[in-house]
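model_19.cif, holding mmCIF, C-alpha atoms:
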data_data
loop_
_atom_site.label_atom_id
_atom_site.label_comp_id
_atom_site.auth_asym_id
_atom_site.auth_seq_id
_atom_site.Cartn_x
_atom_site.Cartn_y
_atom_site.Cartn_z
CA CYS J 276 98.96 100.00 67.69
CA ALA J 277 102.23 101.79 68.50
CA GLY J 278 102.03 105.53 68.10
CA ASP J 279 98.26 105.74 68.48
CA ALA J 280 98.23 106.63 72.21
CA THR J 281 95.55 104.05 72.91
CA ARG J 282 96.36 104.29 76.65
CA PHE J 283 95.33 107.95 76.46
CA GLY J 284 92.04 107.50 74.62
CA THR J 285 93.59 107.76 71.12
CA CYS J 286 94.28 111.47 71.46
CA PHE J 287 97.41 112.90 69.85
CA LYS J 288 99.88 112.22 72.66
CA PRO J 289 102.31 115.11 71.93
CA PHE J 290 99.44 117.54 72.59
CA LEU J 291 98.53 116.16 76.03
CA ARG J 292 99.03 118.86 78.64
CA VAL J 293 101.13 118.91 81.76
CA GLU J 294 100.03 121.96 83.68
CA ASP J 295 100.19 124.82 81.15
CA LYS J 296 102.29 123.16 78.39
CA SER J 297 101.95 120.18 76.07
CA PHE J 298 104.28 117.16 76.12
CA ILE J 299 105.86 118.37 72.90
CA GLU J 300 106.43 121.92 74.19
CA LEU J 301 108.16 120.57 77.29
CA ALA J 302 110.38 118.28 75.22
CA VAL J 303 111.32 121.03 72.75
CA LEU J 304 111.92 123.71 75.37
CA ALA J 305 114.24 121.37 77.31
CA MET J 306 116.45 121.09 74.19
CA ARG J 307 116.08 124.56 72.71
CA GLU J 308 119.38 125.93 74.04
CA TYR J 309 121.32 123.26 72.12
CA VAL J 310 119.20 122.63 69.02
CA ASP J 311 118.88 124.86 65.95
CA SER J 312 115.88 123.22 64.33
CA PHE J 313 113.19 120.71 65.22
CA ILE J 314 111.84 118.06 62.87
CA PHE J 315 108.53 116.44 63.74
CA ILE J 316 107.59 113.15 62.10
CA TYR J 317 103.98 112.04 62.14
CA ARG J 318 101.40 110.38 59.96
CA ASP J 319 99.05 111.82 57.37
CA ASP J 320 96.00 110.48 59.23
CA GLN J 321 97.21 112.31 62.36
CA GLU J 322 97.57 115.55 60.38
CA LYS J 323 94.02 115.20 59.10
CA ARG J 324 92.55 114.25 62.46
CA PHE J 325 94.47 116.59 64.78
CA ASN J 326 95.64 119.46 62.50
CA VAL J 327 99.17 118.82 63.74
CA ARG J 328 101.14 121.29 61.61
CA SER J 329 98.94 124.24 62.56
CA CYS J 330 98.93 123.27 66.24
CA LEU J 331 102.73 122.89 66.29
CA GLU J 332 103.14 126.26 64.59
CA ASP J 333 100.85 127.89 67.18
CA MET J 334 102.36 126.13 70.21
CA LEU J 335 106.01 126.56 69.26
CA GLY J 336 105.72 129.83 67.35
CA LYS J 337 105.09 131.68 70.60
CA HIS J 338 108.57 130.48 71.64
CA GLY J 339 110.14 131.61 68.35
CA ILE J 340 110.44 128.05 67.01
CA LYS J 341 109.40 127.13 63.47
CA PRO J 342 108.66 123.41 63.27
CA ILE J 343 109.76 121.31 60.29
CA CYS J 344 107.00 118.78 59.65
CA VAL J 345 107.59 115.44 57.95
CA ILE J 346 104.31 113.70 57.22
CA ILE J 347 104.53 110.01 56.45
CA PRO J 348 101.72 108.18 54.65
CA ARG J 349 101.13 105.24 57.00
CA PRO J 350 102.30 103.56 60.20
CA THR J 351 105.85 102.25 60.05
CA SER J 352 107.33 99.04 61.38
CA GLY J 353 108.95 100.92 64.26
CA PRO J 354 111.00 103.93 65.40
CA LEU J 355 113.94 103.33 63.04
CA ASP J 356 111.64 103.22 60.02
CA THR J 357 109.95 106.41 61.21
CA LEU J 358 113.29 108.12 61.71
CA ARG J 359 114.36 107.31 58.15
CA ALA J 360 111.67 109.74 56.99
CA ALA J 361 113.65 112.62 58.53
CA PHE J 362 116.94 111.82 56.77
CA THR J 363 116.04 113.82 53.67
CA HIS J 364 115.80 116.90 55.91
CA LEU J 365 119.28 116.53 57.42
CA ALA J 366 122.72 117.22 56.04
CA PRO J 367 124.63 113.91 55.77
CA ASP J 368 126.91 114.64 58.73
CA ALA J 369 124.59 116.92 60.68
CA PRO J 370 124.49 116.33 64.40
CA ALA J 371 121.07 115.18 65.56
CA ILE J 372 119.30 114.44 68.81
CA ILE J 373 116.44 111.97 68.66
CA CYS J 374 113.73 112.14 71.30
CA ASP J 375 110.19 110.85 71.66
CA CYS J 376 107.44 113.42 72.04
CA ASP J 377 106.87 112.61 75.69
CA HIS J 378 110.44 112.75 76.98
CA ALA J 379 111.67 116.14 78.13
CA ILE J 380 115.34 115.37 78.62
CA GLN J 381 118.02 117.71 79.87
CA ILE J 382 120.58 117.31 77.10
CA GLY J 383 123.28 119.70 78.32
CA PRO J 384 125.55 116.97 79.75
CA LEU J 385 125.05 114.82 76.64
CA VAL J 386 125.90 117.71 74.30
CA LYS J 387 129.05 118.54 76.29
CA LYS J 388 130.15 114.90 76.27
CA ALA J 389 129.55 114.60 72.51
CA ALA J 390 131.51 117.82 71.87
CA SER J 391 134.46 116.39 73.78
CA MET J 392 134.47 113.30 71.54
CA PRO J 393 134.34 114.58 67.91
CA HIS J 394 135.61 111.23 66.61
CA MET J 395 132.48 109.44 67.81
CA GLU J 396 129.65 108.78 65.38
CA ALA J 397 127.03 108.39 68.11
CA VAL J 398 126.70 109.09 71.80
CA LEU J 399 123.93 107.39 73.74
CA ALA J 400 122.65 108.51 77.09
CA THR J 401 122.18 105.66 79.55
CA TRP J 402 120.66 105.32 82.97
CA PRO J 403 120.30 102.46 85.42
CA LEU J 404 117.18 100.30 85.27
CA ASP J 405 116.40 97.32 87.43
CA GLU J 406 115.16 94.10 85.86
CA SER J 407 111.48 94.94 86.36
CA ASP J 408 112.01 98.22 84.46
CA LEU J 409 113.53 96.34 81.52
CA LYS J 410 110.29 94.43 81.03
CA SER J 411 108.33 97.69 80.73
CA TRP J 412 110.65 99.48 78.30
CA GLY J 413 111.88 98.65 74.82
CA VAL J 414 115.50 99.37 75.72
CA ALA J 415 118.98 98.11 75.10
CA ALA J 416 120.63 96.89 78.26
CA VAL J 417 124.29 96.93 79.27
CA LEU J 418 125.11 93.54 80.72
CA PRO J 419 127.30 93.14 83.82
CA ASP J 420 130.28 92.33 81.57
CA GLY J 421 129.89 95.71 79.85
CA LEU J 422 128.34 94.47 76.59
#
Turn this file's structure into structure tokens for me.
Amino acid sequence: CAGDATRFGTCFKPFLRVEDKSFIELAVLAMREYVDSFIFIYRDDQEKRFNVRSCLEDMLGKHGIKPICVIIPRPTSGPLDTLRAAFTHLAPDAPAIICDCDHAIQIGPLVKKAASMPHMEAVLATWPLDESDLKSWGVAAVLPDGL
């Protein structure tokens, strides 16, 4: 089931550690310079099983970050459905960066590009993937004709 980290023994994937930090700490710290607040969306069963809110507060509090937790009642049909749960916590035109818990992305270039294009409603980061990569990722692809 998506979101259950079955490849990792059904642990709570954001809390897996890479050296001395968790996946979620690495992702948040990579964006901290450009982001004012962080919203975390996860399920009620995950809160009960892994004490997520308290762990996030402990992990991120030491970096001066207060997490905003959105707990949804059950698994969703996919990432877009999950993301809809955060909309009530955002101003209608608030800028937002969406990132999975296990992707620590350097967003500086993306933020600068977005700032230079205020008329754009969305800016998407892209990177080259060969055909074998496309089979492993749920991604949108840019075809040779640019579509």
What separates atom CA of J:Lys387 and atom CA of J:Asp356 is a distance of 28.3 Å
Could you pull the residues within 9 Å of J:Leu385, counting only C-alpha atoms, minus those fewer than 4 positions along the same chain, as a PyMOL selection string? chain J and resi 381+389-390+398-400
Starting from the displayed file, determine the output of the PyMOL selection byres ((chain J and resi 330-340) around 12) and express the residue list as a ChimeraX atom specification. /J:287,289-290,292,295-304,306-308,310-317,321-329,341-344
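Taking all atoms listed in the file into account, J:Leu365 lies nearest to J:Val345 out of the set J:Cys286, J:Ile382, J:Val345, J:Ala397.
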As AutoDock Vina command-line options, please report the centre and edge lengths, rounded to one decimal in Å, of the axis-aligned box that holds all listed atoms of stretch 324-335 of chain J with 8 Å of padding on each of the six sides.
--center_x 99.3 --center_y 121.1 --center_z 65.9 --size_x 29.5 --size_y 29.6 --size_z 24.6
Translate the PyMOL selection byres ((chain J and resi 318) around 7), as applied to the file shown, into an explicit residue set as an MDAnalysis selection string. chainID J and resid 317 319:322 346:350
So how far away is atom CA of J:Thr357 from atom CA of J:Ala369, in Å?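 Calculated distance between atom CA of J:Ala369 and atom CA of J:Thr357 is 18.0 Å.
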